[in-house]
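> Got query.cif for you, mmCIF, C-alpha atoms:
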```
data_my_file
#
loop_
_atom_site.label_atom_id
_atom_site.label_comp_id
_atom_site.auth_asym_id
_atom_site.auth_seq_id
_atom_site.Cartn_x
_atom_site.Cartn_y
_atom_site.Cartn_z
CA MET Q 1 112.36 18.99 92.58
CA ALA Q 2 110.92 18.30 96.04
CA THR Q 3 108.81 21.44 95.82
CA LYS Q 4 107.40 20.42 92.43
CA THR Q 5 106.56 16.97 93.83
CA LEU Q 6 104.65 18.52 96.72
CA LEU Q 7 102.70 20.84 94.42
CA LEU Q 8 101.69 18.17 91.93
CA PRO Q 9 98.71 16.74 93.88
CA TYR Q 10 97.37 20.26 94.44
CA VAL Q 11 97.60 21.12 90.73
CA MET Q 12 95.91 17.85 89.80
CA PHE Q 13 93.18 18.56 92.34
CA LEU Q 14 92.47 21.94 90.78
CA THR Q 15 92.44 20.46 87.31
CA LEU Q 16 89.99 17.72 88.26
CA LEU Q 17 87.63 20.08 90.03
CA HIS Q 18 87.98 22.79 87.40
CA LEU Q 19 87.31 25.30 90.16
CA VAL Q 20 89.85 28.10 90.29
CA LEU Q 21 89.62 29.51 93.78
CA GLY Q 22 91.52 32.66 94.67
CA HIS Q 23 92.55 33.17 91.06
CA GLY Q 24 94.55 29.93 91.05
CA ALA Q 25 96.71 28.84 88.13
CA VAL Q 26 96.82 25.57 86.22
CA ASN Q 27 99.68 24.21 84.15
CA SER Q 28 98.28 22.96 80.87
CA GLY Q 29 101.24 20.76 79.94
CA GLN Q 30 102.46 20.72 76.37
CA TYR Q 31 101.71 22.78 73.28
CA PRO Q 32 99.52 23.42 71.45
CA LEU Q 33 97.05 25.25 73.66
CA VAL Q 34 93.77 27.12 73.10
CA VAL Q 35 92.11 29.26 75.78
CA SER Q 36 88.87 31.24 75.48
CA THR Q 37 86.59 33.35 77.62
CA TRP Q 38 83.39 31.57 78.66
CA PRO Q 39 82.22 28.01 77.90
CA PHE Q 40 82.27 28.54 74.13
CA LEU Q 41 83.15 24.88 73.66
CA ASP Q 42 82.59 24.56 69.92
CA ALA Q 43 84.65 27.70 69.27
CA VAL Q 44 87.56 26.30 71.26
CA ARG Q 45 87.21 22.98 69.45
CA ALA Q 46 87.45 24.82 66.13
CA GLY Q 47 90.56 26.64 67.25
CA TRP Q 48 92.02 23.40 68.57
CA ARG Q 49 91.43 21.53 65.30
CA ALA Q 50 93.36 24.24 63.48
CA VAL Q 51 96.32 24.40 65.81
CA ASP Q 52 96.48 20.64 66.42
CA SER Q 53 96.68 20.06 62.66
CA GLY Q 54 99.81 22.21 62.51
CA LEU Q 55 98.31 25.56 61.52
CA SER Q 56 99.54 28.77 63.11
CA ALA Q 57 98.29 30.40 66.28
CA VAL Q 58 96.78 33.17 64.15
CA ASP Q 59 94.91 30.58 62.09
CA ALA Q 60 93.62 29.00 65.30
CA VAL Q 61 92.17 32.16 66.85
CA VAL Q 62 90.61 33.18 63.54
CA GLU Q 63 88.97 29.78 63.12
CA GLY Q 64 87.84 29.72 66.74
CA CYS Q 65 86.38 33.22 66.80
CA SER Q 66 84.81 32.68 63.38
CA ALA Q 67 83.05 29.57 64.68
CA CYS Q 68 81.68 31.64 67.57
CA GLU Q 69 80.43 34.27 65.11
CA GLU Q 70 78.66 31.58 63.07
CA LEU Q 71 77.15 30.06 66.21
CA ARG Q 72 76.17 33.51 67.54
CA CYS Q 73 77.61 32.55 70.93
CA ASP Q 74 75.24 33.73 73.68
CA GLY Q 75 73.83 36.26 71.22
CA THR Q 76 76.80 38.50 72.02
CA VAL Q 77 79.12 37.41 69.20
CA GLY Q 78 78.45 37.62 65.48
CA PRO Q 79 75.27 38.82 63.75
CA GLY Q 80 71.78 38.77 65.17
CA GLY Q 81 72.41 40.11 68.67
CA SER Q 82 73.07 43.17 70.85
CA PRO Q 83 70.98 45.77 69.00
CA ASP Q 84 71.99 49.40 69.45
CA GLU Q 85 69.52 52.22 70.14
CA ASN Q 86 68.44 52.11 66.50
CA GLY Q 87 67.94 48.35 66.56
CA GLU Q 88 71.05 47.67 64.46
CA THR Q 89 73.76 45.07 65.14
CA THR Q 90 77.38 45.98 64.42
CA ILE Q 91 80.61 44.04 64.83
CA ASP Q 92 83.94 44.68 66.61
CA ALA Q 93 86.91 42.31 66.21
CA LEU Q 94 90.66 42.13 66.75
CA VAL Q 95 93.58 39.83 65.95
CA ILE Q 96 97.16 40.12 67.23
CA ASP Q 97 100.16 38.13 66.02
CA GLY Q 98 102.40 37.76 69.05
CA VAL Q 99 105.42 36.99 66.88
CA THR Q 100 105.43 40.13 64.72
CA MET Q 101 103.18 42.32 66.93
CA GLU Q 102 101.08 43.03 63.84
CA VAL Q 103 97.48 43.91 64.64
CA GLY Q 104 94.28 44.10 62.62
CA ALA Q 105 90.93 45.31 63.91
CA VAL Q 106 87.50 46.51 62.84
CA ALA Q 107 85.01 48.48 64.90
CA ALA Q 108 81.33 49.42 64.55
CA MET Q 109 81.39 47.46 61.29
CA ARG Q 110 78.00 47.34 59.57
CA TYR Q 111 76.62 44.86 57.03
CA VAL Q 112 79.48 42.31 57.29
CA LYS Q 113 79.13 39.36 59.66
CA ASP Q 114 82.70 38.02 59.52
CA GLY Q 115 84.38 40.27 62.06
CA ILE Q 116 87.51 38.26 62.86
CA ARG Q 117 88.22 37.54 59.19
CA ALA Q 118 87.84 41.23 58.40
CA ALA Q 119 90.30 42.03 61.19
CA ARG Q 120 92.80 39.57 59.73
CA LEU Q 121 92.45 41.20 56.32
CA VAL Q 122 93.28 44.57 57.90
CA MET Q 123 96.38 43.03 59.48
CA GLU Q 124 97.59 41.21 56.38
CA HIS Q 125 96.67 43.61 53.59
CA THR Q 126 96.98 47.12 55.01
CA LYS Q 127 99.55 49.13 56.93
CA HIS Q 128 96.81 50.23 59.32
CA THR Q 129 95.68 48.73 62.62
CA LEU Q 130 91.99 49.64 62.90
CA LEU Q 131 89.23 50.40 60.39
CA VAL Q 132 85.78 51.56 61.51
CA GLY Q 133 82.16 51.91 60.47
CA GLU Q 134 80.90 51.71 56.92
CA GLN Q 135 84.40 52.16 55.53
CA ALA Q 136 85.46 49.01 57.37
CA SER Q 137 82.49 47.28 55.76
CA ALA Q 138 83.44 48.54 52.30
CA PHE Q 139 87.01 47.34 52.82
CA ALA Q 140 85.92 43.88 53.97
CA ILE Q 141 83.54 43.44 51.04
CA SER Q 142 86.18 44.65 48.57
CA MET Q 143 88.54 42.00 49.96
CA GLY Q 144 86.03 39.24 49.26
CA LEU Q 145 83.96 38.82 52.42
CA PRO Q 146 80.19 38.39 51.98
CA GLY Q 147 78.06 41.53 52.21
CA PRO Q 148 76.29 43.79 52.51
CA THR Q 149 74.09 41.77 54.87
CA ASN Q 150 71.46 42.77 57.39
CA LEU Q 151 73.04 41.79 60.72
CA SER Q 152 69.80 42.01 62.69
CA SER Q 153 67.66 38.99 63.54
CA SER Q 154 64.07 38.49 64.62
CA GLU Q 155 65.36 37.97 68.16
CA SER Q 156 67.40 41.18 68.21
CA ILE Q 157 64.52 43.21 66.76
CA ALA Q 158 62.12 41.76 69.33
CA LYS Q 159 64.52 42.62 72.13
CA TRP Q 160 64.88 46.16 70.79
CA SER Q 161 61.12 46.61 70.43
CA LYS Q 162 60.56 45.51 74.04
CA TRP Q 163 63.23 47.97 75.18
CA LYS Q 164 61.53 50.79 73.29
CA GLU Q 165 58.23 49.91 74.95
CA ASN Q 166 60.03 50.19 78.30
CA SER Q 167 60.87 53.87 77.62
CA CYS Q 168 64.34 52.91 76.35
CA GLN Q 169 65.46 51.80 79.82
CA PRO Q 170 68.15 51.01 80.80
CA ASN Q 171 70.45 52.99 78.53
CA PHE Q 172 73.94 54.47 78.41
CA TRP Q 173 73.05 58.18 78.64
CA LYS Q 174 73.74 60.39 81.65
CA ASN Q 175 73.13 64.02 82.59
CA VAL Q 176 70.52 64.39 79.85
CA VAL Q 177 66.82 65.07 79.44
CA PRO Q 178 64.56 63.23 79.18
CA ALA Q 179 66.14 61.26 82.02
CA ASN Q 180 63.71 58.35 81.97
CA GLY Q 181 62.48 58.21 78.41
CA CYS Q 182 63.54 57.78 74.82
CA GLY Q 183 65.40 60.50 72.96
CA PRO Q 184 66.24 62.72 71.31
CA TYR Q 185 68.37 63.68 74.30
CA HIS Q 186 69.80 67.05 75.27
CA PRO Q 187 72.36 68.04 77.90
CA ARG Q 188 70.42 68.74 81.08
CA ASP Q 189 72.40 71.83 82.10
CA SER Q 190 72.19 73.51 78.68
CA LEU Q 191 68.44 72.98 78.55
CA ASP Q 192 68.09 74.62 81.97
CA LEU Q 193 69.98 77.67 80.68
CA ILE Q 194 67.77 77.93 77.60
CA GLU Q 195 64.60 77.74 79.64
CA GLY Q 196 65.96 80.02 82.38
CA THR Q 197 65.35 77.41 85.05
CA CYS Q 198 67.46 75.46 87.46
CA SER Q 199 66.01 71.99 87.26
CA LYS Q 200 66.85 69.73 90.15
CA ASP Q 201 64.53 66.85 89.29
CA MET Q 202 65.89 63.60 90.55
CA GLU Q 203 67.29 61.30 87.90
CA THR Q 204 67.31 57.57 88.45
CA VAL Q 205 70.89 56.47 87.85
CA GLU Q 206 71.23 52.87 86.78
CA PRO Q 207 74.23 51.06 88.25
CA ARG Q 208 76.61 49.85 85.56
CA SER Q 209 76.04 46.27 86.65
CA SER Q 210 72.42 46.60 85.39
CA LEU Q 211 73.73 47.48 81.93
CA VAL Q 212 76.40 44.81 81.67
CA GLY Q 213 75.81 41.11 82.05
CA LEU Q 214 76.57 37.72 80.61
CA HIS Q 215 73.87 37.96 77.93
CA SER Q 216 73.81 41.71 77.33
CA HIS Q 217 77.46 42.54 76.77
CA ASP Q 218 80.18 40.02 76.18
CA THR Q 219 83.18 39.11 74.08
CA ILE Q 220 84.91 35.99 72.93
CA ALA Q 221 88.60 36.50 73.53
CA MET Q 222 90.73 33.58 72.44
CA ALA Q 223 94.44 32.88 72.78
CA ALA Q 224 96.38 30.09 71.10
CA ILE Q 225 99.89 28.72 71.33
CA ASP Q 226 100.78 26.66 68.27
CA LYS Q 227 103.13 23.69 67.96
CA MET Q 228 106.04 26.05 67.36
CA GLY Q 229 105.31 27.83 70.62
CA HIS Q 230 104.09 30.99 68.87
CA ILE Q 231 101.21 32.96 70.39
CA ALA Q 232 98.25 34.89 68.96
CA VAL Q 233 94.99 36.31 70.28
CA GLY Q 234 91.68 37.20 68.68
CA THR Q 235 88.40 38.74 69.80
CA SER Q 236 84.93 39.24 68.38
CA THR Q 237 81.79 40.85 69.77
CA ASN Q 238 78.64 42.65 68.73
CA GLY Q 239 79.08 44.98 71.69
CA ALA Q 240 76.83 46.30 74.41
CA THR Q 241 73.09 45.84 74.05
CA PHE Q 242 71.28 49.16 73.47
CA LYS Q 243 74.54 51.04 73.05
CA ILE Q 244 74.53 54.52 71.59
CA PRO Q 245 75.12 54.15 67.81
CA GLY Q 246 78.77 54.64 66.98
CA ARG Q 247 79.97 53.31 70.32
CA VAL Q 248 83.18 51.26 70.21
CA GLY Q 249 84.03 49.11 73.20
CA ASP Q 250 87.18 47.33 74.22
CA GLY Q 251 86.81 44.47 71.72
CA PRO Q 252 88.95 45.99 68.92
CA ILE Q 253 91.32 47.87 71.24
CA THR Q 254 94.83 46.44 71.44
CA GLY Q 255 95.81 45.75 75.04
CA SER Q 256 92.27 46.02 76.37
CA SER Q 257 90.27 43.01 75.17
CA ALA Q 258 93.39 41.03 74.36
CA TYR Q 259 97.16 41.18 74.05
CA ALA Q 260 99.93 38.79 73.12
CA ASP Q 261 103.70 38.82 73.04
CA ASP Q 262 105.53 35.71 71.88
CA GLU Q 263 108.25 36.23 74.46
CA ILE Q 264 105.88 36.41 77.42
CA GLY Q 265 102.32 35.13 76.97
CA ALA Q 266 98.81 36.37 76.33
CA CYS Q 267 95.63 37.67 77.91
CA GLY Q 268 91.94 37.86 77.01
CA ALA Q 269 89.27 40.00 78.65
CA THR Q 270 85.51 40.28 78.84
CA GLY Q 271 83.02 42.52 80.62
CA ASP Q 272 82.31 46.24 80.81
CA GLY Q 273 84.47 47.39 77.92
CA ASP Q 274 83.79 51.09 78.42
CA ILE Q 275 85.45 50.86 81.83
CA MET Q 276 88.05 48.21 81.06
CA MET Q 277 89.50 49.98 78.01
CA ARG Q 278 90.53 52.86 80.26
CA PHE Q 279 93.00 50.53 81.98
CA LEU Q 280 94.27 48.30 79.13
CA PRO Q 281 94.04 45.28 81.45
CA CYS Q 282 95.48 42.74 79.02
CA TYR Q 283 98.51 44.88 78.28
CA GLN Q 284 98.90 45.20 82.04
CA VAL Q 285 98.68 41.43 82.49
CA VAL Q 286 101.34 40.67 79.89
CA GLU Q 287 103.67 43.38 81.15
CA SER Q 288 103.26 42.14 84.72
CA MET Q 289 104.23 38.65 83.55
CA ARG Q 290 107.22 40.21 81.78
CA LEU Q 291 108.29 41.55 85.17
CA GLY Q 292 108.08 38.09 86.67
CA LEU Q 293 104.54 37.74 88.02
CA GLU Q 294 102.83 34.40 87.60
CA PRO Q 295 99.62 34.45 85.52
CA LYS Q 296 97.34 34.21 88.56
CA LEU Q 297 98.94 37.26 90.21
CA ALA Q 298 99.15 39.23 86.97
CA ALA Q 299 95.44 38.62 86.30
CA LYS Q 300 94.41 39.50 89.85
CA ASP Q 301 96.51 42.69 89.80
CA ALA Q 302 94.97 43.92 86.53
CA ILE Q 303 91.42 43.38 87.78
CA SER Q 304 92.10 44.94 91.17
CA ARG Q 305 93.45 48.12 89.53
CA ILE Q 306 90.06 48.60 87.86
CA ALA Q 307 88.01 47.63 90.91
CA ARG Q 308 89.76 50.20 93.08
CA LYS Q 309 88.48 52.99 90.82
CA PHE Q 310 85.16 51.42 89.77
CA PRO Q 311 83.94 49.11 92.55
CA ASP Q 312 80.72 48.22 90.69
CA PHE Q 313 82.35 47.28 87.40
CA VAL Q 314 81.86 43.79 85.99
CA GLY Q 315 84.69 42.07 84.14
CA ALA Q 316 87.27 39.32 83.95
CA VAL Q 317 90.56 38.31 82.35
CA PHE Q 318 92.41 35.11 81.68
CA ALA Q 319 96.20 35.00 81.49
CA ILE Q 320 98.57 32.42 80.00
CA ASN Q 321 102.33 32.49 79.97
CA LYS Q 322 104.54 31.15 77.21
CA ASN Q 323 104.84 27.85 79.09
CA GLY Q 324 101.09 27.29 78.98
CA VAL Q 325 100.31 28.07 82.63
CA HIS Q 326 96.87 29.70 82.75
CA ALA Q 327 94.73 31.47 85.33
CA GLY Q 328 91.82 33.89 85.60
CA ALA Q 329 90.53 36.73 87.73
CA CYS Q 330 87.19 38.51 87.87
CA HIS Q 331 85.12 41.14 89.64
CA GLY Q 332 81.36 41.49 89.95
CA TRP Q 333 80.45 38.08 88.52
CA THR Q 334 81.57 34.46 88.38
CA PHE Q 335 83.78 33.94 85.35
CA GLN Q 336 84.43 30.82 83.32
CA TYR Q 337 87.08 30.19 80.70
CA SER Q 338 87.69 27.20 78.45
CA VAL Q 339 90.92 25.36 77.74
CA ARG Q 340 92.07 22.64 75.35
CA SER Q 341 95.53 21.13 75.58
CA PRO Q 342 97.14 17.83 74.49
CA GLU Q 343 96.58 16.23 77.89
CA MET Q 344 92.82 16.79 77.65
CA ASN Q 345 90.37 14.60 75.77
CA ASP Q 346 88.11 17.57 75.09
CA VAL Q 347 87.64 21.20 76.09
CA GLU Q 348 87.57 21.75 79.85
CA VAL Q 349 85.94 24.68 81.61
CA PHE Q 350 87.51 26.45 84.58
CA THR Q 351 85.48 28.55 87.00
CA VAL Q 352 86.85 31.65 88.70
CA LEU Q 353 85.09 33.11 91.70
CA PRO Q 354 85.12 36.87 92.38
#
```
The structure in this file should be written as C-alpha cells.

Amino acid sequence: MATKTLLLPYVMFLTLLHLVLGHGAVNSGQYPLVVSTWPFLDAVRAGWRAVDSGLSAVDAVVEGCSACEELRCDGTVGPGGSPDENGETTIDALVIDGVTMEVGAVAAMRYVKDGIRAARLVMEHTKHTLLVGEQASAFAISMGLPGPTNLSSSESIAKWSKWKENSCQPNFWKNVVPANGCGPYHPRDSLDLIEGTCSKDMETVEPRSSLVGLHSHDTIAMAAIDKMGHIAVGTSTNGATFKIPGRVGDGPITGSSAYADDEIGACGATGDGDIMMRFLPCYQVVESMRLGLEPKLAAKDAISRIARKFPDFVGAVFAINKNGVHAGACHGWTFQYSVRSPEMNDVEVFTVLP
C-alpha cells in the first residue's frame, strides 16, 4: 500500500502532462475504456459512445473505426486517400473478438468504403478469417454494404498525378529497371542477361522513412474494453501511398496491426506495415504481457525487436492490459495515442517519444 501511495503523484503527473516519456504507462481507472492510435478524437468518441451505452467491445471498435472511415482520418483511413500506382484507393480492415478469438478481415478491397463493417461480416457470417480483392468486395455488397463505389477522390487523383509527373518517385520497387522512372519494370539482372551486358549503373535507393510517414501510410488501430471487461480490437486503413497494386500491409493481419485476448489485454500498431508484419508486434506485446511484463515494457520490447533488424523503420504500438493500464512505444517518429475512460471528461491524447 505504501508503494502505491508513493507512485500515485507520479502517475497523476504523467496523466496531467499527457507526455509519456520512456514508454511510461498510465492506469486508466475503471471500465469501459477506448484506446486508439493517433489523435483521432471523433473516432474515439464514437467508440466511447457505443461502449459507454452498454454495447460490446466489438460494437465499440466497429463504430469507432467506421467513424474514422467516414471522416477519412488524415487521408489514410477510408475512401479518398492513399492512391496506389494506378491511382486507385483500396481498403484493408480487421476486427478481433478477444472473448472468442474470432477474427474477420478484408484486404485490398475495391469499390466498398466500409472496411471495418465488411471485416465484421466476415467474422460473423463466414468460417473464414480473411477475404481479399474483388471477391471481398462482392461478398461485402452481397451482405448489404453499399457498392460498388469509386473510392478515389479529387485529392487522391491530384496526388497521384503529381507523383506521375515526378517520374513515379518515390516508389516501392527495388532491383528493377528503370530505376528512376515509371514502369513497366523489369528485374535488373534478367535484363542484363538478355542484353548481354553487366550494368552497374548506380540506383538511388530511397530510405524507407521517405516512403512511410504520418500522412502517407497510417492505420487506425482501436482497442476497447466494455463494461463487462471484455476486449476487442479493430483496424482500418487505405494502405501505403503509391503502393504496388495488390499489396497488402499489416492492417488486416492478425497479430500485426492488432491483437486481443480477453484474459490478457490488447495491442494496436501503426507504421511501416511491410516491415512490422514480419514480426507480429501486437501478438508479441500480448504474449509478453501474458508472461508478466507490464504494458510499457511489452510495448518497448516489441518495437526494439524490429528496430534491431531494421534501424530505419518507422512504427509504433500501444498496449493495454485487462486492468486498463496503457502505454506506448515507437521508433523513428513521435507517436500519439488517444484514450477515453470514465475518469476523463473527454478524449485525452498521450505522446510517446522515440
> With distances taken over only C-alpha atoms, which of Q:Glu294, Q:Glu88, Q:Asp272, Q:Asp97 is nearest to Q:Asn150?
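Under the stated criterion, the closest residue is Q:Glu88.
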> Find the residues near Q:Leu130: any atom within 12 Å, counting only C-alpha atoms, skip ones fewer than 4 places away on the same chain, and give them as a short mmCIF file (atom, residue, chain, number, x, y, z; two decimals) with C-alpha atoms, in the coordinates of the input.

```cif
data_model
loop_
_atom_site.label_atom_id
_atom_site.label_comp_id
_atom_site.auth_asym_id
_atom_site.auth_seq_id
_atom_site.Cartn_x
_atom_site.Cartn_y
_atom_site.Cartn_z
CA ASP Q 92 83.94 44.68 66.61
CA ALA Q 93 86.91 42.31 66.21
CA LEU Q 94 90.66 42.13 66.75
CA VAL Q 95 93.58 39.83 65.95
CA ILE Q 96 97.16 40.12 67.23
CA GLU Q 102 101.08 43.03 63.84
CA VAL Q 103 97.48 43.91 64.64
CA GLY Q 104 94.28 44.10 62.62
CA ALA Q 105 90.93 45.31 63.91
CA VAL Q 106 87.50 46.51 62.84
CA ALA Q 107 85.01 48.48 64.90
CA ALA Q 108 81.33 49.42 64.55
CA MET Q 109 81.39 47.46 61.29
CA ALA Q 118 87.84 41.23 58.40
CA ALA Q 119 90.30 42.03 61.19
CA ARG Q 120 92.80 39.57 59.73
CA LEU Q 121 92.45 41.20 56.32
CA VAL Q 122 93.28 44.57 57.90
CA MET Q 123 96.38 43.03 59.48
CA THR Q 126 96.98 47.12 55.01
CA GLN Q 135 84.40 52.16 55.53
CA ALA Q 136 85.46 49.01 57.37
CA PHE Q 139 87.01 47.34 52.82
CA VAL Q 248 83.18 51.26 70.21
CA GLY Q 251 86.81 44.47 71.72
CA PRO Q 252 88.95 45.99 68.92
CA ILE Q 253 91.32 47.87 71.24
CA THR Q 254 94.83 46.44 71.44
#
```
> Would you please work out which residue, of Q:Arg110, Q:Arg290, Q:Lys300, Q:Arg278, is nearest to Q:Ala138 when using only C-alpha atoms?
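Distance minimum relative to Q:Ala138 lands on Q:Arg110.
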> What does the structure give for the distance between atom CA of Q:Phe313 and atom CA of Q:Asn171, in Å to one decimal?
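Between atom CA of Q:Phe313 and atom CA of Q:Asn171 the gap is 15.9 Å.
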> Separation of atom CA of Q:Phe310 and atom CA of Q:Val132, in Å?
28.3 Å
> In terms of the shortest atom-to-atom distance over only C-alpha atoms, which of Q:Gly273, Q:Pro39, Q:Gly80, Q:Pro32 is closest to Q:Val347?
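Under the stated criterion, the closest residue is Q:Pro39.
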> Restricting the calculation to only C-alpha atoms, which member of Q:Asp261, Q:Ile244, Q:Gly183, Q:Lys227 is positioned closest to Q:Ser53?
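When distances to Q:Ser53 are compared using only C-alpha atoms, the smallest one comes from Q:Lys227.
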> Pick out the closest residue to Q:Gly255 from this set: Q:Gly239, Q:Gly75, Q:Pro148, Q:Pro281. Count all atoms listed in the file.
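Result for the nearest residue to Q:Gly255: Q:Pro281.
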> Using only C-alpha atoms, which residue out of Q:Ser153, Q:Val35, Q:Leu55, Q:Pro83 lies closest to Q:Gly268?
Q:Val35
> If you count all atoms listed in the file, which residues fall within 7 Å of Q:Gly147, apart from same-chain ones fewer than 4 positions away, as a ChimeraX atom specification?
/Q:111-112,141
> Skipping near chain neighbours, those fewer than 5 positions away, what residues fall within 8 Å of Q:Ala316 using all atoms listed in the file, listed as a PDB file with C-alpha atoms, in the frame of the given file?

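And here's result_39.pdb as it stands now:
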```pdb
ATOM      1  CA  ALA Q 269      89.270  40.000  78.650  1.00  0.00           C
ATOM      2  CA  THR Q 270      85.510  40.280  78.840  1.00  0.00           C
ATOM      3  CA  GLY Q 271      83.020  42.520  80.620  1.00  0.00           C
ATOM      4  CA  ILE Q 303      91.420  43.380  87.780  1.00  0.00           C
ATOM      5  CA  GLY Q 328      91.820  33.890  85.600  1.00  0.00           C
ATOM      6  CA  ALA Q 329      90.530  36.730  87.730  1.00  0.00           C
ATOM      7  CA  CYS Q 330      87.190  38.510  87.870  1.00  0.00           C
ATOM      8  CA  HIS Q 331      85.120  41.140  89.640  1.00  0.00           C
ATOM      9  CA  PHE Q 335      83.780  33.940  85.350  1.00  0.00           C
TER      10      PHE Q 335
END
```
> Take the PyMOL selection byres ((chain Q and resi 79) around 10), run it mentally on this structure, and tell me the resulting residues as number ranges by chain.
Q: 69-73, 75-78, 80-83, 88-91, 110-115, 149-153, 156, 237-238
> Atom CA of Q:Gly133 to atom CA of Q:Asn166: how many Å, to one decimal?
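Answer for the atom CA of Q:Gly133 to atom CA of Q:Asn166 separation: 28.5 Å.
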> Leaving out Q:Val58 and any residue of its chain fewer than 2 positions from it, which residues lie within 10 Å of it when counting all atoms listed in the file, given as an NGL selection string?
:Q and (47 or 50-51 or 55-56 or 60-64 or 95-99 or 120 or 223-226 or 230-234)
